[in-house]
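See below for structure04.csv, which holds CSV, C-alpha atoms.
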```
chain,number,residue,atom,x,y,z
A,1,MET,CA,20.4,28.0,17.5
A,2,ILE,CA,18.9,26.9,14.2
A,3,ASP,CA,15.6,28.6,13.3
A,4,PRO,CA,12.7,26.0,13.7
A,5,VAL,CA,11.5,26.6,10.1
A,6,VAL,CA,14.9,26.0,8.7
A,7,CYS,CA,15.4,23.0,10.9
A,8,GLY,CA,12.1,21.5,9.8
A,9,GLY,CA,13.0,22.1,6.1
A,10,LEU,CA,16.4,20.5,6.6
A,11,ARG,CA,14.9,17.4,8.1
A,12,ILE,CA,12.4,17.1,5.2
A,13,ALA,CA,15.3,17.6,2.7
A,14,CYS,CA,17.6,15.2,4.4
A,15,SER,CA,15.0,12.4,4.7
A,16,TRP,CA,14.1,12.9,1.1
A,17,LEU,CA,17.7,12.7,-0.1
A,18,LEU,CA,18.5,9.7,2.0
A,19,GLY,CA,15.4,8.0,0.8
A,20,MET,CA,16.2,8.8,-2.8
A,21,VAL,CA,19.5,6.9,-2.4
A,22,LEU,CA,18.1,3.9,-0.5
A,23,PHE,CA,14.8,3.2,-2.3
A,24,PRO,CA,16.4,2.3,-5.7
A,25,LEU,CA,18.8,-0.1,-4.0
A,26,PHE,CA,15.9,-1.6,-1.9
A,27,ILE,CA,13.7,-2.0,-5.0
A,28,ARG,CA,16.5,-3.7,-7.0
A,29,TRP,CA,17.3,-6.1,-4.1
A,30,GLN,CA,13.6,-7.2,-3.8
A,31,ARG,CA,13.4,-7.8,-7.6
A,32,ARG,CA,16.6,-9.9,-7.5
A,33,LYS,CA,15.1,-12.0,-4.7
A,34,SER,CA,11.7,-12.2,-6.5
A,35,LEU,CA,10.0,-10.7,-3.5
A,36,GLY,CA,6.8,-8.6,-3.9
A,37,GLN,CA,3.3,-7.9,-2.8
A,38,LYS,CA,0.7,-10.6,-3.2
A,39,ILE,CA,-2.7,-9.2,-4.4
A,40,LYS,CA,-5.9,-10.3,-2.6
A,41,LYS,CA,-8.2,-11.9,-5.1
A,42,GLU,CA,-11.1,-10.3,-3.3
A,43,GLY,CA,-9.8,-6.9,-4.3
A,44,PRO,CA,-10.4,-5.1,-7.7
A,45,ALA,CA,-9.5,-7.3,-10.6
A,46,ILE,CA,-7.8,-4.3,-12.3
A,47,HIS,CA,-5.1,-4.5,-9.5
A,48,LEU,CA,-4.0,-8.1,-10.3
A,49,HIS,CA,-1.3,-6.8,-12.6
A,50,LYS,CA,0.4,-5.4,-9.5
A,51,GLU,CA,1.2,-8.8,-8.2
A,52,ASN,CA,4.8,-9.2,-7.1
A,53,THR,CA,5.5,-5.4,-7.1
A,54,PRO,CA,8.2,-4.8,-4.5
A,55,SER,CA,6.7,-3.9,-1.1
A,56,MET,CA,7.9,-3.0,2.5
A,57,GLY,CA,8.7,0.5,1.5
A,58,GLY,CA,7.9,1.4,5.1
A,59,VAL,CA,11.3,-0.1,6.1
A,60,ILE,CA,13.1,2.7,4.3
A,61,VAL,CA,10.7,5.4,5.4
A,62,VAL,CA,11.0,4.5,9.0
A,63,LEU,CA,14.8,4.0,8.8
A,64,VAL,CA,15.5,7.4,7.3
A,65,ALA,CA,13.0,9.2,9.5
A,66,PHE,CA,14.5,7.9,12.7
A,67,LEU,CA,18.0,8.8,11.5
A,68,VAL,CA,17.1,12.3,10.5
A,69,ALA,CA,14.8,13.0,13.4
A,70,PHE,CA,17.7,12.9,15.8
A,71,LEU,CA,19.8,15.5,13.9
A,72,TRP,CA,20.1,18.8,15.9
A,73,SER,CA,18.1,17.2,18.8
A,74,PRO,CA,20.4,14.9,20.9
A,75,VAL,CA,17.8,14.1,23.6
A,76,PRO,CA,14.4,14.6,22.1
A,77,ASP,CA,11.1,14.4,24.1
A,78,PHE,CA,9.9,11.7,21.8
A,79,PHE,CA,12.9,9.4,22.6
A,80,PRO,CA,10.8,7.2,25.0
A,81,TYR,CA,8.2,6.6,22.3
A,82,ILE,CA,10.7,5.2,19.8
A,83,PRO,CA,10.6,1.6,21.1
A,84,LEU,CA,6.8,1.7,21.1
A,85,LEU,CA,6.6,3.2,17.6
A,86,SER,CA,9.1,0.6,16.6
A,87,GLY,CA,6.7,-2.0,17.9
A,88,PHE,CA,4.1,-0.8,15.4
A,89,PHE,CA,6.8,-1.1,12.7
A,90,LEU,CA,7.7,-4.6,13.7
A,91,LEU,CA,4.1,-5.6,13.8
A,92,GLY,CA,3.7,-4.3,10.2
A,93,PHE,CA,7.0,-5.8,9.1
A,94,LEU,CA,6.0,-9.3,10.2
A,95,ASP,CA,2.7,-8.9,8.3
A,96,ASP,CA,4.7,-7.8,5.2
A,97,TYR,CA,7.1,-10.7,5.6
A,98,TRP,CA,4.1,-13.1,5.8
A,99,LYS,CA,2.7,-11.7,2.6
A,100,SER,CA,5.9,-11.0,0.5
A,101,VAL,CA,8.2,-13.7,1.6
A,102,LEU,CA,5.8,-16.5,2.6
A,103,GLY,CA,3.3,-15.6,-0.2
A,104,HIS,CA,0.1,-15.3,1.9
A,105,PRO,CA,-1.8,-12.2,0.7
A,106,TRP,CA,-3.9,-11.9,3.9
A,107,GLY,CA,-1.0,-11.9,6.3
A,108,TRP,CA,-1.7,-13.0,9.9
A,109,LYS,CA,-5.1,-13.0,11.5
A,110,ALA,CA,-6.6,-9.5,12.0
A,111,ARG,CA,-7.7,-10.2,15.6
A,112,TYR,CA,-4.2,-11.0,16.8
A,113,ARG,CA,-2.8,-7.9,15.1
A,114,PHE,CA,-5.6,-5.8,16.6
A,115,ILE,CA,-4.8,-7.0,20.1
A,116,LEU,CA,-1.1,-6.2,19.7
A,117,GLU,CA,-2.0,-2.7,18.4
A,118,VAL,CA,-4.2,-2.1,21.5
A,119,LEU,CA,-1.4,-3.2,23.8
A,120,LEU,CA,1.2,-0.9,22.0
A,121,ALA,CA,-1.3,2.0,22.1
A,122,CYS,CA,-1.8,1.4,25.9
A,123,GLY,CA,2.0,1.6,26.3
A,124,VAL,CA,2.2,4.9,24.4
A,125,VAL,CA,-0.6,6.6,26.3
A,126,TRP,CA,0.6,5.3,29.7
A,127,TRP,CA,4.2,6.4,28.9
A,128,GLY,CA,3.1,9.8,27.7
A,129,ARG,CA,0.6,10.5,30.4
A,130,ALA,CA,2.9,13.2,31.8
A,131,SER,CA,3.5,14.9,28.4
A,132,PHE,CA,0.1,14.6,26.7
A,133,PRO,CA,-2.3,17.4,27.6
A,134,PRO,CA,-5.3,15.6,29.3
A,135,ALA,CA,-7.8,17.8,27.6
A,136,LEU,CA,-9.5,18.3,24.2
A,137,ALA,CA,-9.5,21.7,22.5
A,138,VAL,CA,-12.7,22.0,20.5
A,139,PRO,CA,-12.0,23.2,16.9
A,140,PHE,CA,-13.4,26.6,15.8
A,141,THR,CA,-14.0,27.6,19.4
A,142,SER,CA,-12.0,28.5,22.5
A,143,LYS,CA,-13.6,25.7,24.5
A,144,VAL,CA,-11.4,23.1,26.2
A,145,ILE,CA,-12.8,19.8,27.5
A,146,ALA,CA,-10.9,18.5,30.5
A,147,LEU,CA,-10.7,14.7,30.8
A,148,THR,CA,-10.2,12.4,33.7
A,149,PRO,CA,-7.0,10.2,33.6
A,150,THR,CA,-9.1,7.2,32.9
A,151,SER,CA,-11.2,8.8,30.1
A,152,PHE,CA,-8.1,10.3,28.6
A,153,PHE,CA,-6.3,6.9,28.6
A,154,LEU,CA,-9.2,5.2,26.9
A,155,TYR,CA,-9.6,8.1,24.4
A,156,GLY,CA,-5.8,8.0,23.6
A,157,VAL,CA,-5.8,4.3,23.0
A,158,LEU,CA,-8.8,4.5,20.7
A,159,LEU,CA,-7.3,7.4,18.8
A,160,ILE,CA,-4.0,5.7,18.2
A,161,VAL,CA,-5.5,2.4,17.1
A,162,ALA,CA,-8.1,4.2,14.9
A,163,SER,CA,-5.4,6.4,13.3
A,164,CYS,CA,-3.1,3.3,12.8
A,165,ASN,CA,-5.8,1.3,11.0
A,166,ALA,CA,-7.3,4.3,9.1
A,167,PHE,CA,-4.0,5.0,7.4
A,168,ASN,CA,-3.6,1.3,6.6
A,169,ILE,CA,-7.1,1.2,5.0
A,170,ALA,CA,-6.2,4.2,2.8
A,171,ASP,CA,-3.1,2.5,1.5
A,172,GLY,CA,-4.8,1.0,-1.5
A,173,LEU,CA,-4.0,3.1,-4.6
A,174,ASP,CA,-0.6,4.1,-6.0
A,175,GLY,CA,0.4,7.3,-4.2
A,176,LEU,CA,-2.8,7.8,-2.2
A,177,ALA,CA,-1.6,7.1,1.4
A,178,ALA,CA,1.8,8.7,0.8
A,179,GLY,CA,0.4,11.9,-0.6
A,180,CYS,CA,-2.3,12.2,2.0
A,181,GLY,CA,0.1,11.3,4.8
A,182,ILE,CA,2.6,14.0,3.7
A,183,LEU,CA,-0.2,16.7,4.0
A,184,THR,CA,-1.3,15.4,7.4
A,185,LEU,CA,2.3,15.2,8.8
A,186,LEU,CA,3.2,18.7,7.6
A,187,PHE,CA,0.1,20.0,9.3
A,188,TRP,CA,1.0,18.4,12.6
A,189,GLY,CA,4.6,19.4,12.3
A,190,VAL,CA,3.8,23.0,11.8
A,191,LEU,CA,1.2,23.0,14.5
A,192,LEU,CA,3.5,21.3,17.1
A,193,GLU,CA,6.2,23.8,16.2
A,194,LEU,CA,3.8,26.6,16.9
A,195,LEU,CA,3.0,25.0,20.3
A,196,HIS,CA,6.7,24.7,21.1
A,197,ARG,CA,6.7,20.9,20.9
A,198,SER,CA,9.7,20.9,18.6
A,199,SER,CA,10.8,17.3,19.3
A,200,PHE,CA,7.5,15.9,18.1
A,201,ALA,CA,7.5,18.3,15.2
A,202,ALA,CA,11.0,17.0,14.2
A,203,LEU,CA,9.6,13.5,13.9
A,204,ALA,CA,6.6,14.7,11.8
A,205,PHE,CA,9.0,16.5,9.4
A,206,ALA,CA,11.4,13.6,9.2
A,207,PHE,CA,8.6,11.2,8.3
A,208,ALA,CA,7.2,13.6,5.8
A,209,GLY,CA,10.5,13.8,4.1
A,210,GLY,CA,10.7,10.0,4.0
A,211,LEU,CA,7.2,9.8,2.4
A,212,PHE,CA,8.3,12.4,-0.2
A,213,ALA,CA,11.1,10.0,-1.3
A,214,PHE,CA,8.7,7.1,-1.2
A,215,LEU,CA,6.1,8.9,-3.2
A,216,TRP,CA,8.7,9.4,-5.9
A,217,PHE,CA,8.7,5.7,-6.5
A,218,ASN,CA,5.1,5.0,-5.5
A,219,CYS,CA,3.2,7.3,-7.8
A,220,TRP,CA,1.4,5.6,-10.6
A,221,PRO,CA,2.5,3.1,-11.8
A,222,ALA,CA,4.1,2.2,-8.5
A,223,GLU,CA,7.6,0.7,-8.4
A,224,ILE,CA,7.2,-0.2,-4.7
A,225,PHE,CA,4.4,-0.3,-2.1
A,226,LEU,CA,4.4,1.0,1.5
A,227,GLY,CA,3.3,-2.2,3.2
A,228,ASP,CA,2.1,-2.5,6.7
A,229,SER,CA,5.7,-1.8,7.9
A,230,GLY,CA,5.0,1.8,6.9
A,231,SER,CA,1.3,2.3,7.2
A,232,LEU,CA,1.0,1.0,10.8
A,233,PRO,CA,3.8,3.1,12.4
A,234,ILE,CA,3.0,6.2,10.4
A,235,GLY,CA,-0.7,5.9,11.3
A,236,ALA,CA,0.2,5.4,14.9
A,237,LEU,CA,2.6,8.4,14.8
A,238,ILE,CA,-0.1,10.7,13.5
A,239,GLY,CA,-2.3,9.7,16.5
A,240,ILE,CA,0.6,10.3,18.9
A,241,LEU,CA,1.3,13.7,17.3
A,242,ALA,CA,-2.4,14.6,17.7
A,243,LEU,CA,-2.4,13.6,21.4
A,244,ALA,CA,0.8,15.6,22.0
A,245,SER,CA,-0.7,18.7,20.6
A,246,GLY,CA,-3.8,18.8,22.8
A,247,HIS,CA,-5.8,19.5,19.6
A,248,SER,CA,-6.4,15.9,18.6
A,249,LEU,CA,-10.0,16.6,17.4
A,250,LEU,CA,-8.4,18.4,14.4
A,251,LEU,CA,-7.4,14.9,13.2
A,252,VAL,CA,-10.9,14.5,11.8
A,253,PHE,CA,-10.2,17.3,9.4
A,254,SER,CA,-6.4,17.0,8.8
A,255,GLY,CA,-6.9,13.3,8.0
A,256,ILE,CA,-10.3,13.6,6.3
A,257,VAL,CA,-9.5,11.0,3.6
A,258,PHE,CA,-8.5,8.5,6.2
A,259,VAL,CA,-11.8,9.2,8.0
A,260,ILE,CA,-13.9,8.9,4.9
A,261,ASP,CA,-12.2,5.6,3.7
A,262,THR,CA,-12.7,4.1,7.2
A,263,LEU,CA,-16.3,5.1,7.5
A,264,SER,CA,-17.0,3.6,4.0
A,265,VAL,CA,-15.7,0.3,5.3
A,266,ILE,CA,-17.8,0.4,8.5
A,267,LEU,CA,-20.9,1.4,6.6
A,268,GLN,CA,-20.4,-1.3,4.0
A,269,VAL,CA,-20.0,-4.0,6.6
A,270,LEU,CA,-23.0,-2.8,8.7
A,271,SER,CA,-25.3,-2.5,5.6
A,272,PHE,CA,-24.4,-5.9,4.4
A,273,ARG,CA,-24.8,-7.6,7.8
A,274,VAL,CA,-28.1,-5.8,8.7
A,275,PHE,CA,-29.8,-5.4,5.3
A,276,GLY,CA,-27.9,-7.9,3.2
A,277,LYS,CA,-27.0,-5.1,0.7
A,278,ARG,CA,-23.9,-3.2,-0.1
A,279,ILE,CA,-23.8,0.6,-0.3
A,280,PHE,CA,-20.7,0.8,-2.4
A,281,LEU,CA,-19.4,-1.4,-5.3
A,282,MET,CA,-16.4,-2.1,-3.1
A,283,SER,CA,-15.0,-0.6,0.0
A,284,PRO,CA,-12.9,1.4,0.9
A,285,LEU,CA,-14.4,4.2,-1.0
A,286,HIS,CA,-11.4,4.7,-3.4
A,287,HIS,CA,-12.1,1.2,-4.9
A,288,HIS,CA,-15.7,2.2,-5.4
A,289,PHE,CA,-14.6,5.0,-7.6
A,290,GLU,CA,-12.3,2.7,-9.5
A,291,LEU,CA,-15.0,0.2,-10.2
A,292,ARG,CA,-17.2,3.1,-11.5
A,293,GLY,CA,-14.6,3.5,-14.3
A,294,GLU,CA,-12.4,6.3,-12.8
A,295,LYS,CA,-8.7,6.1,-13.6
A,296,GLU,CA,-6.6,5.2,-10.5
A,297,MET,CA,-4.4,8.3,-10.8
A,298,ARG,CA,-7.5,10.6,-11.1
A,299,VAL,CA,-9.0,9.1,-8.0
A,300,THR,CA,-5.7,9.6,-6.1
A,301,VAL,CA,-5.2,13.2,-7.1
A,302,ARG,CA,-8.8,14.1,-6.3
A,303,LEU,CA,-8.4,12.6,-2.9
A,304,TRP,CA,-5.2,14.5,-2.4
A,305,ILE,CA,-7.2,17.7,-3.1
A,306,VAL,CA,-9.8,16.6,-0.5
A,307,GLN,CA,-7.1,16.0,2.0
A,308,ALA,CA,-5.5,19.4,1.3
A,309,LEU,CA,-8.9,21.1,1.8
A,310,GLY,CA,-9.2,19.1,5.1
A,311,VAL,CA,-5.8,20.4,6.2
A,312,LEU,CA,-6.8,23.9,5.4
A,313,LEU,CA,-10.0,23.5,7.4
A,314,ALA,CA,-8.0,22.1,10.3
A,315,SER,CA,-5.8,25.1,10.2
A,316,VAL,CA,-8.8,27.5,10.4
A,317,GLY,CA,-10.1,25.4,13.3
A,318,PHE,CA,-6.9,25.8,15.1
A,319,TRP,CA,-6.6,29.6,14.7
A,320,ARG,CA,-10.2,30.3,15.5
```
For the file at hand, write its structure as structure tokens.
Amino acid sequence: MIDPVVCGGLRIACSWLLGMVLFPLFIRWQRRKSLGQKIKKEGPAIHLHKENTPSMGGVIVVLVAFLVAFLWSPVPDFFPYIPLLSGFFLLGFLDDYWKSVLGHPWGWKARYRFILEVLLACGVVWWGRASFPPALAVPFTSKVIALTPTSFFLYGVLLIVASCNAFNIADGLDGLAAGCGILTLLFWGVLLELLHRSSFAALAFAFAGGLFAFLWFNCWPAEIFLGDSGSLPIGALIGILALASGHSLLLVFSGIVFVIDTLSVILQVLSFRVFGKRIFLMSPLHHHFELRGEKEMRVTVRLWIVQALGVLLASVGFWR
């Protein structure tokens, strides 16, 4: 029997090594085919030079994570969730295909994608109703809130869809989503291992290793972007891991940057529609800092620090 700590470390290392082999090949292939990300003209003008940078890095992250997650675990508990998680990947991949291959920077309509996200999240929560604890442990206390099947179903769907889109919103600066995602996945991997949900922990560690490899090529100046094929399934996975733990409220702290970025978008939209004024120079918040003159890498590193502090706070909230 392999020690869980060693097993988790091996999964991270294997995913990283496999990604380090595949990413250069994938980047060169996209460059030969003249494929790349189309930059929205509504975004920061300082990002226009990133036009045609290879994208769809999520294809490699998801591939290596799925391969490595099954090592030393022939019939994992998360096996039934693989088709549904793959659905989020396919949803993002089609959006990336629309952008990179067909040349449409906005992809397909957001309302159609949202409907499919909700349907996939419903499938996850329905399928996992027997393995997800139907209760919420309150951080920093010993209190546990029991939920009815209906309320837990609605809460679970909301959590997965919110997590999916929050990760996608944060994927706007070189290295930002990957670095923050690694910290969050490592937190949930360790916590689930402590709760003896080793199969779910295996998936968290495998995806963290894939993101480590991706970050190698995505740190400023990025050679490849994650794309929706990575941000949607990884965001959904984080929501699934949180539900499987029974401590999903800790997601507010362990994913603090995702929460802040998402709130900045919501506040910006509400303020403009109600008062006709914008709170930020641009949302999400990371673009606001850029337009104030902050260097992209400085904004990224500072938000990594914020995420790390959030993970530390979530750890304290779990142990209290």
Write out as a Markdown table a residue-level contact list of range 171-265 of chain A versus range 7-30 of chain A with cut-off 7 Å: for each qualifying residue the closest pair of atoms and the distance in Å to one decimal, counting all atoms listed in the file, rows sorted by chain and residue number upward.
```
| residue | atom | partner | partner_atom | distance |
| --- | --- | --- | --- | --- |
| A:Ala202 | CA | A:Gly8 | CA | 6.4 |
| A:Phe205 | CA | A:Ile12 | CA | 5.4 |
| A:Ala206 | CA | A:Arg11 | CA | 5.3 |
| A:Ala208 | CA | A:Ile12 | CA | 6.3 |
| A:Gly209 | CA | A:Ile12 | CA | 4.0 |
| A:Gly210 | CA | A:Ser15 | CA | 5.0 |
| A:Phe212 | CA | A:Trp16 | CA | 6.0 |
| A:Ala213 | CA | A:Trp16 | CA | 4.8 |
| A:Ile224 | CA | A:Ile27 | CA | 6.8 |
```
From CA of Gly156 in chain A to CA of Ser142 in chain A the spacing works out at 21.4 Å
Write out as a list in words the residues lying within 9 Å of Leu250 in chain A, counting all atoms listed in the file and excluding same-chain residues fewer than 3 positions away. Ala137, Val138, Pro139, Ala242, His247, Phe253, Ser254, Gly255, Val311, Leu313, Ala314, Ser315, Gly317 and Phe318 of chain A
Straight-line distance linking CA of Lys50 in chain A with CA of Gly175 in chain A, stated in Å to one decimal: 13.8 Å
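You can rank A:Gly172, A:Phe153, A:Pro284, A:Arg320 by their closest distance to Ala130 in chain A using all atoms listed in the file, and at the top of that list sits A:Phe153.
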Can you work out which one of A:Leu281, A:Leu211, A:Val190, A:Ala201 has the shortest atom-to-atom distance to Ile60 in chain A, counting only C-alpha atoms?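 Checking each of A:Leu281, A:Leu211, A:Val190, A:Ala201 against Ile60 in chain A, counting only C-alpha atoms, the winner is A:Leu211.
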Go through A:Leu249, A:Val61, A:Leu285, A:Leu154 one by one, measure the shortest atom-to-atom distance of each to Ile266 in chain A using only C-alpha atoms, and give the residue with the smallest value.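 Among the listed residues, A:Leu285 lies closest to Ile266 in chain A.
Comparing A:Ala110, A:Ser199, A:Phe93, A:Asn168 by their smallest distance to Pro80 in chain A, the closest is A:Ser199 (using only C-alpha atoms).
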Against range 51-59 of chain A, which residues of range 71-184 of chain A fall within 12 Å? For each one I want the closest pair of atoms and the distance in Å (one decimal), counting all atoms listed in the file, rows by chain and increasing residue number, as a tab-separated table.
```
residue	atom	partner	partner_atom	distance
A:Ser86	CA	A:Val59	CA	10.8
A:Phe88	CA	A:Gly58	CA	11.2
A:Phe89	CA	A:Val59	CA	8.1
A:Leu90	CA	A:Val59	CA	9.5
A:Leu91	CA	A:Gly58	CA	11.8
A:Gly92	CA	A:Gly58	CA	8.7
A:Phe93	CA	A:Met56	CA	7.2
A:Leu94	CA	A:Met56	CA	10.1
A:Asp95	CA	A:Met56	CA	9.8
A:Asp96	CA	A:Met56	CA	6.4
A:Tyr97	CA	A:Met56	CA	8.3
A:Trp98	CA	A:Met56	CA	11.3
A:Lys99	CA	A:Ser55	CA	9.5
A:Ser100	CA	A:Ser55	CA	7.3
A:Val101	CA	A:Ser55	CA	10.3
A:Gly103	CA	A:Asn52	CA	9.5
A:His104	CA	A:Asn52	CA	11.8
A:Pro105	CA	A:Glu51	CA	10.0
A:Asn168	CA	A:Gly58	CA	11.6
A:Asp171	CA	A:Gly58	CA	11.6
A:Asp174	CA	A:Thr53	CA	11.3
A:Ala177	CA	A:Gly58	CA	11.7
A:Ala178	CA	A:Gly58	CA	10.4
```
